[in-house]
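Trainee: File name my_file_8.csv; file contents CSV, C-alpha atoms (C1' of nucleotides); full text below.
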chain,number,residue,atom,x,y,z
C,142,MET,CA,-248.6,-171.4,80.8
C,143,PRO,CA,-247.7,-174.1,83.3
C,144,ALA,CA,-245.3,-173.9,86.2
C,145,SER,CA,-242.6,-175.5,84.1
C,146,ARG,CA,-242.3,-172.2,82.3
C,147,LEU,CA,-240.8,-170.8,85.5
C,148,ASP,CA,-237.2,-171.3,86.4
C,149,PRO,CA,-236.0,-171.9,89.9
C,150,ILE,CA,-235.4,-168.2,90.5
C,151,ASP,CA,-239.0,-167.4,89.5
C,152,ARG,CA,-240.3,-170.0,91.9
C,153,LYS,CA,-238.1,-168.7,94.7
C,154,ILE,CA,-239.4,-165.2,94.0
C,155,LEU,CA,-243.0,-166.5,94.3
C,156,ALA,CA,-242.2,-168.3,97.5
C,157,GLU,CA,-240.5,-165.3,99.1
C,158,LEU,CA,-243.3,-162.9,98.1
C,159,GLN,CA,-246.0,-165.3,99.3
C,160,ALA,CA,-244.2,-165.4,102.7
C,161,ASP,CA,-243.6,-161.7,102.9
C,162,GLY,CA,-245.3,-159.6,100.3
C,163,ARG,CA,-243.9,-156.3,101.4
C,164,MET,CA,-240.2,-157.3,101.1
C,165,THR,CA,-238.2,-154.7,99.3
C,166,ASN,CA,-237.0,-155.5,95.8
C,167,VAL,CA,-233.4,-155.3,96.8
C,168,GLU,CA,-233.9,-157.7,99.7
C,169,LEU,CA,-235.8,-160.1,97.4
C,170,ALA,CA,-233.0,-159.8,94.8
C,171,LYS,CA,-230.4,-160.7,97.5
C,172,ARG,CA,-232.4,-163.7,98.6
C,173,VAL,CA,-232.9,-165.1,95.1
C,174,GLY,CA,-229.3,-164.4,94.1
C,175,ILE,CA,-229.6,-161.8,91.4
C,176,SER,CA,-229.3,-158.0,91.3
C,177,ALA,CA,-232.3,-155.7,91.7
C,178,PRO,CA,-233.2,-154.7,88.1
C,179,PRO,CA,-233.7,-158.2,86.7
C,180,CYS,CA,-235.4,-159.2,89.8
C,181,LEU,CA,-238.0,-156.4,89.4
C,182,ARG,CA,-238.4,-157.3,85.8
C,183,ARG,CA,-239.2,-160.9,86.8
C,184,VAL,CA,-241.7,-159.7,89.4
C,185,ARG,CA,-243.5,-157.6,86.8
C,186,THR,CA,-243.6,-160.4,84.4
C,187,LEU,CA,-245.1,-162.7,87.1
C,188,GLU,CA,-247.7,-160.1,87.9
C,189,GLU,CA,-248.6,-159.6,84.2
C,190,SER,CA,-248.8,-163.3,83.4
C,191,GLY,CA,-251.1,-163.9,86.3
C,192,PHE,CA,-248.9,-166.0,88.6
C,193,ILE,CA,-249.2,-163.2,91.1
C,194,ARG,CA,-252.8,-162.1,91.4
C,195,GLY,CA,-252.2,-159.4,94.0
C,196,TYR,CA,-250.8,-158.5,97.4
C,197,HIS,CA,-252.8,-158.4,100.6
C,198,ALA,CA,-252.2,-157.5,104.2
C,199,GLU,CA,-253.4,-160.3,106.4
C,200,VAL,CA,-255.6,-158.8,109.1
C,201,ASP,CA,-256.7,-160.4,112.4
C,202,ALA,CA,-260.4,-161.0,111.9
C,203,ARG,CA,-261.1,-161.7,115.6
C,204,GLU,CA,-259.3,-158.6,116.8
C,205,LEU,CA,-261.2,-156.6,114.3
C,206,GLY,CA,-264.5,-157.8,115.7
C,207,PHE,CA,-265.3,-160.7,113.4
C,208,GLU,CA,-265.9,-163.2,116.2
C,209,VAL,CA,-267.8,-165.7,114.2
C,210,GLN,CA,-266.7,-167.9,111.3
C,211,VAL,CA,-269.0,-170.4,109.7
C,212,PHE,CA,-268.9,-173.1,107.0
C,213,ALA,CA,-272.2,-173.5,105.2
C,214,MET,CA,-273.0,-176.5,103.0
C,215,VAL,CA,-275.6,-175.5,100.4
C,216,GLY,CA,-277.7,-177.8,98.3
C,217,LEU,CA,-279.6,-176.4,95.3
C,218,VAL,CA,-282.9,-177.5,93.7
C,219,SER,CA,-281.6,-177.2,90.2
C,220,GLN,CA,-278.0,-177.9,89.1
C,221,ALA,CA,-278.4,-176.6,85.6
C,222,GLU,CA,-275.4,-174.5,84.6
C,223,ALA,CA,-277.5,-171.3,84.4
C,224,ASP,CA,-278.8,-171.8,87.9
C,225,LEU,CA,-275.4,-172.6,89.3
C,226,SER,CA,-274.1,-169.4,87.9
C,227,ILE,CA,-276.9,-167.4,89.3
C,228,PHE,CA,-276.2,-168.7,92.8
C,229,GLU,CA,-272.5,-168.0,92.4
C,230,GLY,CA,-273.3,-164.5,91.5
C,231,ARG,CA,-275.4,-164.1,94.6
C,232,CYS,CA,-272.5,-165.4,96.7
C,233,ARG,CA,-270.2,-162.8,95.2
C,234,SER,CA,-272.6,-160.1,96.2
C,235,TRP,CA,-272.7,-161.1,99.9
C,236,SER,CA,-269.9,-159.5,101.9
C,237,LEU,CA,-270.2,-162.1,104.7
C,238,VAL,CA,-269.5,-164.9,102.2
C,239,ARG,CA,-265.7,-164.8,101.7
C,240,GLU,CA,-265.4,-168.1,99.8
C,241,CYS,CA,-267.7,-170.1,97.6
C,242,HIS,CA,-266.6,-173.4,96.1
C,243,MET,CA,-268.7,-175.9,94.0
C,244,LEU,CA,-268.2,-179.4,95.3
C,245,ASN,CA,-268.8,-182.9,94.1
C,246,GLY,CA,-270.8,-185.3,96.3
C,247,GLU,CA,-274.0,-184.8,98.2
C,248,VAL,CA,-273.7,-181.1,98.7
C,249,ASP,CA,-273.4,-178.5,95.9
C,250,PHE,CA,-271.5,-175.7,97.5
C,251,ILE,CA,-269.4,-174.9,100.5
C,252,LEU,CA,-269.3,-171.3,101.7
C,253,LYS,CA,-266.9,-169.8,104.2
C,254,CYS,CA,-268.6,-166.9,106.0
C,255,VAL,CA,-267.5,-164.4,108.7
C,256,ALA,CA,-269.7,-162.2,110.9
C,257,PRO,CA,-269.3,-159.9,113.8
C,258,ASP,CA,-271.5,-162.0,116.0
C,259,LEU,CA,-274.0,-164.9,115.8
C,260,SER,CA,-277.1,-162.8,115.4
C,261,THR,CA,-275.6,-161.0,112.4
C,262,PHE,CA,-274.9,-164.4,110.8
C,263,GLN,CA,-278.3,-165.8,111.7
C,264,THR,CA,-280.0,-162.8,110.1
C,265,PHE,CA,-277.9,-163.3,107.0
C,266,LEU,CA,-278.7,-167.0,107.0
C,267,THR,CA,-282.5,-166.7,107.4
C,268,GLU,CA,-283.1,-163.5,105.5
C,269,GLU,CA,-280.6,-163.9,102.6
C,270,LEU,CA,-279.2,-167.3,102.1
C,271,LEU,CA,-282.2,-169.4,102.9
C,272,LYS,CA,-284.5,-167.1,101.0
C,273,ALA,CA,-282.4,-167.1,97.9
C,274,ASP,CA,-283.8,-168.6,94.7
C,275,ASN,CA,-283.0,-172.3,94.1
C,276,VAL,CA,-281.6,-173.0,97.6
C,277,ALA,CA,-282.9,-176.3,98.8
C,278,SER,CA,-280.9,-176.9,102.0
C,279,VAL,CA,-278.3,-175.3,104.1
C,280,LYS,CA,-276.3,-177.0,106.9
C,281,THR,CA,-274.0,-174.7,108.9
C,282,SER,CA,-271.1,-175.5,111.1
C,283,LEU,CA,-269.5,-173.0,113.5
C,284,VAL,CA,-265.8,-172.8,113.7
C,285,ILE,CA,-265.0,-173.4,117.4
C,286,ARG,CA,-261.3,-172.6,117.0
C,287,GLY,CA,-258.8,-172.3,114.2
C,288,ALA,CA,-255.8,-174.5,114.2
C,289,LYS,CA,-254.2,-173.6,110.9
C,290,ASP,CA,-254.9,-171.0,108.3
C,291,ASP,CA,-252.0,-170.7,105.8
C,292,PRO,CA,-252.6,-168.6,102.7
C,293,GLY,CA,-251.3,-169.7,99.4
C,294,VAL,CA,-249.7,-172.9,98.2
C,295,PRO,CA,-246.9,-175.2,99.6
C,296,PHE,CA,-243.9,-174.5,97.5
C,297,ASP,CA,-242.0,-177.3,99.1
C,298,VAL,CA,-244.4,-179.7,97.5
C,299,LEU,CA,-243.8,-178.0,94.1
C,300,GLU,CA,-240.1,-178.3,94.4
C,301,ASP,CA,-240.2,-182.0,95.5
C,302,ARG,CA,-242.4,-182.7,92.5
C,303,LEU,CA,-240.2,-180.9,90.0
C,304,THR,CA,-237.0,-182.5,91.2
C,305,ARG,CA,-238.6,-185.9,91.2
C,306,ASP,CA,-239.8,-185.4,87.5
C,307,ALA,CA,-236.3,-184.3,86.5
F,163,MET,CA,-257.8,-154.5,122.2
F,164,PRO,CA,-261.1,-154.3,120.2
F,165,ALA,CA,-261.7,-152.7,116.9
F,166,SER,CA,-263.2,-149.7,118.7
F,167,ARG,CA,-259.7,-148.7,119.6
F,168,LEU,CA,-259.2,-148.0,115.9
F,169,ASP,CA,-260.3,-144.7,114.5
F,170,PRO,CA,-261.7,-144.3,111.0
F,171,ILE,CA,-258.2,-143.6,109.5
F,172,ASP,CA,-256.8,-146.8,111.0
F,173,ARG,CA,-259.7,-148.8,109.5
F,174,LYS,CA,-259.2,-147.2,106.2
F,175,ILE,CA,-255.5,-148.1,106.3
F,176,LEU,CA,-256.4,-151.7,107.0
F,177,ALA,CA,-258.9,-151.8,104.2
F,178,GLU,CA,-256.5,-150.3,101.7
F,179,LEU,CA,-253.6,-152.6,102.7
F,180,GLN,CA,-255.9,-155.6,102.6
F,181,ALA,CA,-256.8,-154.7,99.0
F,182,ASP,CA,-253.3,-153.8,98.0
F,183,GLY,CA,-250.6,-154.8,100.4
F,184,ARG,CA,-247.7,-153.5,98.3
F,185,MET,CA,-249.0,-149.9,98.0
F,186,THR,CA,-246.3,-147.4,98.8
F,187,ASN,CA,-246.7,-145.5,102.1
F,188,VAL,CA,-247.1,-142.2,100.3
F,189,GLU,CA,-249.9,-143.5,98.2
F,190,LEU,CA,-251.5,-145.0,101.3
F,191,ALA,CA,-251.1,-141.7,103.1
F,192,LYS,CA,-252.7,-139.8,100.2
F,193,ARG,CA,-255.7,-142.2,100.2
F,194,VAL,CA,-256.4,-142.0,103.9
F,195,GLY,CA,-255.9,-138.2,103.9
F,196,ILE,CA,-252.8,-137.7,106.1
F,197,SER,CA,-249.2,-137.1,105.4
F,198,ALA,CA,-246.6,-139.9,105.1
F,199,PRO,CA,-244.9,-139.9,108.5
F,200,PRO,CA,-247.9,-140.3,110.7
F,201,CYS,CA,-249.3,-142.8,108.2
F,202,LEU,CA,-246.2,-145.0,108.6
F,203,ARG,CA,-246.4,-144.7,112.3
F,204,ARG,CA,-249.9,-146.0,112.3
F,205,VAL,CA,-249.0,-148.9,110.0
F,206,ARG,CA,-246.2,-149.8,112.4
F,207,THR,CA,-248.5,-149.6,115.4
F,208,LEU,CA,-251.1,-151.8,113.6
F,209,GLU,CA,-248.4,-154.4,112.8
F,210,GLU,CA,-247.1,-154.4,116.4
F,211,SER,CA,-250.5,-154.7,117.9
F,212,GLY,CA,-251.4,-157.6,115.8
F,213,PHE,CA,-254.1,-156.1,113.6
F,214,ILE,CA,-251.8,-156.7,110.7
F,215,ARG,CA,-250.3,-160.2,110.9
F,216,GLY,CA,-248.3,-160.1,107.7
F,217,TYR,CA,-248.3,-159.4,104.0
F,218,HIS,CA,-248.6,-162.0,101.3
F,219,ALA,CA,-248.5,-162.2,97.5
F,220,GLU,CA,-251.6,-164.1,96.3
F,221,VAL,CA,-250.4,-166.7,93.8
F,222,ASP,CA,-252.5,-168.5,91.2
F,223,ALA,CA,-252.5,-172.1,92.5
F,224,ARG,CA,-253.9,-173.7,89.3
F,225,GLU,CA,-251.4,-171.9,87.1
F,226,LEU,CA,-248.6,-173.1,89.4
F,227,GLY,CA,-249.7,-176.7,89.0
F,228,PHE,CA,-252.0,-177.3,92.0
F,229,GLU,CA,-254.9,-178.6,90.1
F,230,VAL,CA,-256.7,-180.2,93.0
F,231,GLN,CA,-258.4,-178.6,95.9
F,232,VAL,CA,-260.3,-180.7,98.5
F,233,PHE,CA,-262.3,-180.2,101.6
F,234,ALA,CA,-261.9,-183.0,104.1
F,235,MET,CA,-264.3,-183.5,107.1
F,236,VAL,CA,-262.6,-185.4,109.9
F,237,GLY,CA,-264.1,-187.2,112.8
F,238,LEU,CA,-261.9,-188.2,115.7
F,239,VAL,CA,-262.2,-191.1,118.1
F,240,SER,CA,-261.3,-189.0,121.2
F,241,GLN,CA,-262.2,-185.4,121.6
F,242,ALA,CA,-260.2,-184.9,124.8
F,243,GLU,CA,-258.3,-181.7,124.6
F,244,ALA,CA,-254.9,-183.4,124.5
F,245,ASP,CA,-256.0,-185.5,121.6
F,246,LEU,CA,-257.5,-182.5,119.7
F,247,SER,CA,-254.2,-180.7,120.1
F,248,ILE,CA,-252.2,-183.6,118.8
F,249,PHE,CA,-254.3,-183.8,115.7
F,250,GLU,CA,-254.0,-180.0,115.1
F,251,GLY,CA,-250.3,-180.4,115.4
F,252,ARG,CA,-250.3,-183.1,112.7
F,253,CYS,CA,-252.3,-180.9,110.4
F,254,ARG,CA,-249.8,-178.1,110.9
F,255,SER,CA,-247.0,-180.4,109.8
F,256,TRP,CA,-248.8,-181.4,106.5
F,257,SER,CA,-248.0,-179.1,103.7
F,258,LEU,CA,-251.0,-180.2,101.7
F,259,VAL,CA,-253.3,-179.1,104.5
F,260,ARG,CA,-253.6,-175.3,104.2
F,261,GLU,CA,-256.4,-174.8,106.7
F,262,CYS,CA,-257.7,-176.7,109.7
F,263,HIS,CA,-260.7,-175.6,111.7
F,264,MET,CA,-262.4,-177.3,114.6
F,265,LEU,CA,-266.1,-177.3,114.1
F,266,ASN,CA,-269.2,-177.9,116.1
F,267,GLY,CA,-271.8,-180.5,115.0
F,268,GLU,CA,-271.3,-184.0,113.8
F,269,VAL,CA,-267.8,-183.6,112.3
F,270,ASP,CA,-264.8,-182.5,114.4
F,271,PHE,CA,-262.5,-180.8,111.9
F,272,ILE,CA,-262.7,-179.4,108.4
F,273,LEU,CA,-259.5,-179.3,106.4
F,274,LYS,CA,-258.8,-177.4,103.2
F,275,CYS,CA,-256.2,-179.2,101.1
F,276,VAL,CA,-254.4,-178.6,97.8
F,277,ALA,CA,-252.4,-181.0,95.7
F,278,PRO,CA,-250.8,-181.1,92.2
F,279,ASP,CA,-253.1,-183.9,91.2
F,280,LEU,CA,-255.6,-186.5,92.4
F,281,SER,CA,-253.1,-189.2,93.0
F,282,THR,CA,-250.9,-187.0,95.2
F,283,PHE,CA,-253.9,-186.2,97.2
F,284,GLN,CA,-255.1,-189.8,97.5
F,285,THR,CA,-251.6,-190.9,98.6
F,286,PHE,CA,-251.8,-188.3,101.3
F,287,LEU,CA,-255.3,-189.3,102.2
F,288,THR,CA,-254.6,-193.0,102.6
F,289,GLU,CA,-251.0,-192.9,103.8
F,290,GLU,CA,-251.1,-190.0,106.1
F,291,LEU,CA,-254.5,-188.7,107.1
F,292,LEU,CA,-256.4,-192.0,107.4
F,293,LYS,CA,-253.5,-193.6,109.2
F,294,ALA,CA,-253.0,-190.8,111.7
F,295,ASP,CA,-253.7,-191.6,115.4
F,296,ASN,CA,-257.2,-191.0,116.6
F,297,VAL,CA,-258.8,-190.4,113.2
F,298,ALA,CA,-262.1,-192.2,113.1
F,299,SER,CA,-263.6,-191.0,109.7
F,300,VAL,CA,-262.7,-188.8,106.8
F,301,LYS,CA,-265.2,-187.6,104.2
F,302,THR,CA,-263.7,-185.7,101.2
F,303,SER,CA,-265.2,-183.4,98.7
F,304,LEU,CA,-263.4,-182.2,95.6
F,305,VAL,CA,-263.7,-178.6,94.5
F,306,ILE,CA,-265.2,-178.7,91.0
F,307,ARG,CA,-264.7,-175.0,90.5
F,308,GLY,CA,-264.2,-171.9,92.6
F,309,ALA,CA,-266.7,-169.1,92.5
F,310,LYS,CA,-265.3,-166.7,95.1
F,311,ASP,CA,-262.2,-166.7,97.1
F,312,ASP,CA,-261.7,-163.3,98.8
F,313,PRO,CA,-259.0,-163.1,101.5
F,314,GLY,CA,-259.5,-161.1,104.6
F,315,VAL,CA,-262.6,-159.5,106.1
F,316,PRO,CA,-265.4,-157.3,104.7
F,317,PHE,CA,-264.7,-153.8,105.9
F,318,ASP,CA,-268.0,-152.6,104.6
F,319,VAL,CA,-269.7,-154.7,107.2
F,320,LEU,CA,-267.5,-153.3,109.9
F,321,GLU,CA,-268.3,-149.7,108.9
F,322,ASP,CA,-272.0,-150.4,108.8
F,323,ARG,CA,-271.9,-151.9,112.2
F,324,LEU,CA,-269.9,-149.0,113.8
F,325,THR,CA,-272.0,-146.3,112.3
F,326,ARG,CA,-275.2,-148.2,113.4
F,327,ASP,CA,-273.8,-148.4,117.0
F,328,ALA,CA,-273.0,-144.7,117.0
K,265,DC,C1',-228.2,-160.1,83.7
K,266,DG,C1',-225.3,-156.2,85.6
K,267,DT,C1',-223.9,-151.2,86.2
K,268,DG,C1',-224.8,-146.5,87.0
K,269,DA,C1',-227.7,-142.5,87.6
K,270,DA,C1',-232.0,-140.1,88.6
K,271,DA,C1',-236.3,-139.9,90.8
K,272,DC,C1',-238.8,-141.6,94.4
K,273,DC,C1',-239.7,-143.4,98.9
K,274,DG,C1',-239.1,-144.8,103.8
K,275,DT,C1',-237.7,-142.9,107.9
K,276,DC,C1',-236.1,-139.8,111.5
K,277,DG,C1',-235.7,-135.5,114.2
K,278,DC,C1',-238.0,-131.5,115.2
K,279,DC,C1',-241.8,-128.3,115.6
K,280,DC,C1',-246.6,-127.5,115.8
K,281,DC,C1',-251.4,-128.2,117.4
J,286,DG,C1',-251.7,-137.4,122.3
J,287,DG,C1',-251.5,-136.8,117.1
J,288,DG,C1',-250.1,-134.4,112.5
J,289,DG,C1',-246.9,-131.8,109.3
J,290,DC,C1',-242.2,-130.2,107.4
J,291,DG,C1',-237.6,-131.0,105.9
J,292,DA,C1',-233.6,-133.8,105.2
J,293,DC,C1',-230.8,-138.1,104.8
J,294,DG,C1',-230.1,-142.7,103.2
J,295,DG,C1',-232.0,-146.5,100.8
J,296,DT,C1',-234.9,-148.1,97.0
J,297,DT,C1',-237.2,-148.2,92.7
J,298,DT,C1',-236.6,-148.0,88.0
J,299,DC,C1',-234.8,-146.2,84.0
J,300,DA,C1',-231.2,-146.4,79.8
J,301,DC,C1',-227.3,-148.8,78.3
J,302,DG,C1',-223.5,-152.3,77.9
I'd like the structure from this file rewritten - as structure tokens, please.
Mentor:
Amino acid sequence: MPASRLDPIDRKILAELQADGRMTNVELAKRVGISAPPCLRRVRTLEESGFIRGYHAEVDARELGFEVQVFAMVGLVSQAEADLSIFEGRCRSWSLVRECHMLNGEVDFILKCVAPDLSTFQTFLTEELLKADNVASVKTSLVIRGAKDDPGVPFDVLEDRLTRDA
Amino acid sequence: MPASRLDPIDRKILAELQADGRMTNVELAKRVGISAPPCLRRVRTLEESGFIRGYHAEVDARELGFEVQVFAMVGLVSQAEADLSIFEGRCRSWSLVRECHMLNGEVDFILKCVAPDLSTFQTFLTEELLKADNVASVKTSLVIRGAKDDPGVPFDVLEDRLTRDA
DNA sequence: CGTGAAACCGTCGCCCC
DNA sequence: GGGGCGACGGTTTCACG
């Protein structure tokens, strides 16, 4: 089910809803150049086929009291598939861990964590992460400041690529 | 304007809209236990005060053809404030760079990048990032697989913290 | 995909506490 | 200050061409 299954109107819908997920369907229909009913049918299809995984309000973490953001590089003792899966499951159970990605190279996982303050994070680090089974090493880096944090994907790159292939 | 300015209903609203940003206002009102008009007034206030920065559809990057996700650790030659700002501005202008965070420790920035394929990324890496002014070193790590990718913040941690302080 | 109609929702003014 | 009620206009979402 590749992106080529989508026509230009579908891609426009995705781009618009990524930029403003609360847009009304009539506004969306106007922007993509069709009337409201077929537009809604397309949105439902995109949701059911998994192109749209959900809709989320973007909240201001700092203003809400999450002052600390940390990237943690984790090395494991065993990289057997079963052990990798166990560690991933642990990460999913930790609220402070928002993202967990398996990497190539010298480190096995990168985790993006948030916490209200440094002591909360350090408690998590020493009491949970470092004590977890199979964890060999953890190197943490504090985010000093954020310069860019765009959700989603760059649709301009997609369009460039599709028009170049055509 | 700290989180303590928010009452439990406001926090519930934020948590619900983070989980489902397209929920209707009447459904939201029902879930937080008030009627629709005051609920909508609260949402507008949360938007205007910056607690809610926007709403976005979450799209499936892989299904859309973005097969490659890469973390890049960037070291700069000069860490003077003016030079940091210039680099951050360059990152904002690159569509493939979705996130750019300044870190403490041995590396200056971490970038999260997406691309349709490896060759697109490598072109970006060699033609743009490595050639950019002031860039001293770049170490890249490919994401082999994603294990967790939750947007937003953990409201359960917020509630624990507030009830503990009370 | 578009049109039309019915049900629902967002939104406002007003009243209440 | 905040919450609830009622009403209007716009929106969602059908069935049908």
Trainee: Mind listing as a PDB file with C-alpha atoms, keeping the file's coordinate frame which residues of chain C are within 6 Å of chain F, counting all atoms listed in the file?
Mentor:
ATOM      1  CA  PRO C 143    -247.700-174.100  83.300  1.00  0.00           C
ATOM      2  CA  ALA C 144    -245.300-173.900  86.200  1.00  0.00           C
ATOM      3  CA  LEU C 158    -243.300-162.900  98.100  1.00  0.00           C
ATOM      4  CA  GLN C 159    -246.000-165.300  99.300  1.00  0.00           C
ATOM      5  CA  ALA C 160    -244.200-165.400 102.700  1.00  0.00           C
ATOM      6  CA  ASP C 161    -243.600-161.700 102.900  1.00  0.00           C
ATOM      7  CA  GLY C 162    -245.300-159.600 100.300  1.00  0.00           C
ATOM      8  CA  ARG C 163    -243.900-156.300 101.400  1.00  0.00           C
ATOM      9  CA  PHE C 192    -248.900-166.000  88.600  1.00  0.00           C
ATOM     10  CA  ILE C 193    -249.200-163.200  91.100  1.00  0.00           C
ATOM     11  CA  ARG C 194    -252.800-162.100  91.400  1.00  0.00           C
ATOM     12  CA  GLY C 195    -252.200-159.400  94.000  1.00  0.00           C
ATOM     13  CA  TYR C 196    -250.800-158.500  97.400  1.00  0.00           C
ATOM     14  CA  HIS C 197    -252.800-158.400 100.600  1.00  0.00           C
ATOM     15  CA  ALA C 198    -252.200-157.500 104.200  1.00  0.00           C
ATOM     16  CA  GLU C 199    -253.400-160.300 106.400  1.00  0.00           C
ATOM     17  CA  VAL C 200    -255.600-158.800 109.100  1.00  0.00           C
ATOM     18  CA  ASP C 201    -256.700-160.400 112.400  1.00  0.00           C
ATOM     19  CA  GLU C 204    -259.300-158.600 116.800  1.00  0.00           C
ATOM     20  CA  LEU C 205    -261.200-156.600 114.300  1.00  0.00           C
ATOM     21  CA  GLY C 206    -264.500-157.800 115.700  1.00  0.00           C
ATOM     22  CA  GLU C 229    -272.500-168.000  92.400  1.00  0.00           C
ATOM     23  CA  SER C 236    -269.900-159.500 101.900  1.00  0.00           C
ATOM     24  CA  ARG C 239    -265.700-164.800 101.700  1.00  0.00           C
ATOM     25  CA  GLU C 240    -265.400-168.100  99.800  1.00  0.00           C
ATOM     26  CA  CYS C 241    -267.700-170.100  97.600  1.00  0.00           C
ATOM     27  CA  HIS C 242    -266.600-173.400  96.100  1.00  0.00           C
ATOM     28  CA  MET C 243    -268.700-175.900  94.000  1.00  0.00           C
ATOM     29  CA  LEU C 244    -268.200-179.400  95.300  1.00  0.00           C
ATOM     30  CA  ASN C 245    -268.800-182.900  94.100  1.00  0.00           C
ATOM     31  CA  SER C 282    -271.100-175.500 111.100  1.00  0.00           C
ATOM     32  CA  LEU C 283    -269.500-173.000 113.500  1.00  0.00           C
ATOM     33  CA  VAL C 284    -265.800-172.800 113.700  1.00  0.00           C
ATOM     34  CA  ILE C 285    -265.000-173.400 117.400  1.00  0.00           C
ATOM     35  CA  ARG C 286    -261.300-172.600 117.000  1.00  0.00           C
ATOM     36  CA  GLY C 287    -258.800-172.300 114.200  1.00  0.00           C
ATOM     37  CA  ALA C 288    -255.800-174.500 114.200  1.00  0.00           C
ATOM     38  CA  LYS C 289    -254.200-173.600 110.900  1.00  0.00           C
ATOM     39  CA  ASP C 290    -254.900-171.000 108.300  1.00  0.00           C
ATOM     40  CA  ASP C 291    -252.000-170.700 105.800  1.00  0.00           C
ATOM     41  CA  PRO C 295    -246.900-175.200  99.600  1.00  0.00           C
TER      42      PRO C 295
END
Trainee: Grab the CA of Met235 (chain F) to CA of Asp295 (chain F) distance for me, in Å with one decimal place.
Mentor: 15.7 Å
Trainee: As a ChimeraX atom specification, could you give me every residue of chain C near chain J (at most 10 Å apart, counting all atoms listed in the file)?
Mentor: /C:165-167,177-178,181-182
Trainee: Determine which residues of chain C sit within 9 Å of chain K, taking into account only C-alpha atoms (C1' of nucleotides), and present them as a ChimeraX atom specification.
Mentor: /C:175-176,178-179
Trainee: How many Å separate CA of Gly216 (chain C) from CA of Val236 (chain F)?
Mentor: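 Computing the Euclidean distance for CA of Gly216 (chain C) and CA of Val236 (chain F) yields 20.5 Å.
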Trainee: When you draw a straight line from CA of Arg305 (chain C) to CA of Asp148 (chain C), how long is it in Å?
Mentor: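 Calculated distance between CA of Arg305 (chain C) and CA of Asp148 (chain C) is 15.4 Å.
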Trainee: N, CA and C atoms are what I want for region 199-212 of chain C; can you complete it accordingly and write them as a PDB file, in the coordinates of the input?
Mentor:
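New file out30.pdb:
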ATOM      1  N   GLU C 199    -252.588-159.327 105.709  1.00  0.00           N
ATOM      2  CA  GLU C 199    -253.400-160.300 106.400  1.00  0.00           C
ATOM      3  C   GLU C 199    -253.815-159.671 107.753  1.00  0.00           C
ATOM      4  N   VAL C 200    -255.100-159.440 107.886  1.00  0.00           N
ATOM      5  CA  VAL C 200    -255.600-158.800 109.100  1.00  0.00           C
ATOM      6  C   VAL C 200    -256.174-159.783 110.056  1.00  0.00           C
ATOM      7  N   ASP C 201    -256.150-159.459 111.335  1.00  0.00           N
ATOM      8  CA  ASP C 201    -256.700-160.400 112.400  1.00  0.00           C
ATOM      9  C   ASP C 201    -258.175-160.167 112.494  1.00  0.00           C
ATOM     10  N   ALA C 202    -258.932-161.128 111.958  1.00  0.00           N
ATOM     11  CA  ALA C 202    -260.400-161.000 111.900  1.00  0.00           C
ATOM     12  C   ALA C 202    -260.985-160.866 113.318  1.00  0.00           C
ATOM     13  N   ARG C 203    -260.544-161.701 114.224  1.00  0.00           N
ATOM     14  CA  ARG C 203    -261.100-161.700 115.600  1.00  0.00           C
ATOM     15  C   ARG C 203    -260.856-160.348 116.244  1.00  0.00           C
ATOM     16  N   GLU C 204    -259.623-159.879 116.151  1.00  0.00           N
ATOM     17  CA  GLU C 204    -259.300-158.600 116.800  1.00  0.00           C
ATOM     18  C   GLU C 204    -260.068-157.459 116.217  1.00  0.00           C
ATOM     19  N   LEU C 205    -260.436-157.608 114.963  1.00  0.00           N
ATOM     20  CA  LEU C 205    -261.200-156.600 114.300  1.00  0.00           C
ATOM     21  C   LEU C 205    -262.696-156.646 114.626  1.00  0.00           C
ATOM     22  N   GLY C 206    -263.089-157.670 115.337  1.00  0.00           N
ATOM     23  CA  GLY C 206    -264.500-157.800 115.700  1.00  0.00           C
ATOM     24  C   GLY C 206    -265.291-158.791 114.950  1.00  0.00           C
ATOM     25  N   PHE C 207    -264.621-159.593 114.123  1.00  0.00           N
ATOM     26  CA  PHE C 207    -265.300-160.700 113.400  1.00  0.00           C
ATOM     27  C   PHE C 207    -265.154-161.936 114.278  1.00  0.00           C
ATOM     28  N   GLU C 208    -266.048-162.127 115.211  1.00  0.00           N
ATOM     29  CA  GLU C 208    -265.900-163.200 116.200  1.00  0.00           C
ATOM     30  C   GLU C 208    -266.372-164.543 115.657  1.00  0.00           C
ATOM     31  N   VAL C 209    -267.159-164.504 114.611  1.00  0.00           N
ATOM     32  CA  VAL C 209    -267.800-165.700 114.200  1.00  0.00           C
ATOM     33  C   VAL C 209    -267.374-166.105 112.766  1.00  0.00           C
ATOM     34  N   GLN C 210    -267.034-167.379 112.625  1.00  0.00           N
ATOM     35  CA  GLN C 210    -266.700-167.900 111.300  1.00  0.00           C
ATOM     36  C   GLN C 210    -267.485-169.193 111.135  1.00  0.00           C
ATOM     37  N   VAL C 211    -268.094-169.341 109.973  1.00  0.00           N
ATOM     38  CA  VAL C 211    -269.000-170.400 109.700  1.00  0.00           C
ATOM     39  C   VAL C 211    -268.811-171.050 108.371  1.00  0.00           C
ATOM     40  N   PHE C 212    -268.858-172.374 108.326  1.00  0.00           N
ATOM     41  CA  PHE C 212    -268.900-173.100 107.000  1.00  0.00           C
ATOM     42  C   PHE C 212    -270.361-173.447 106.771  1.00  0.00           C
TER      43      PHE C 212
END
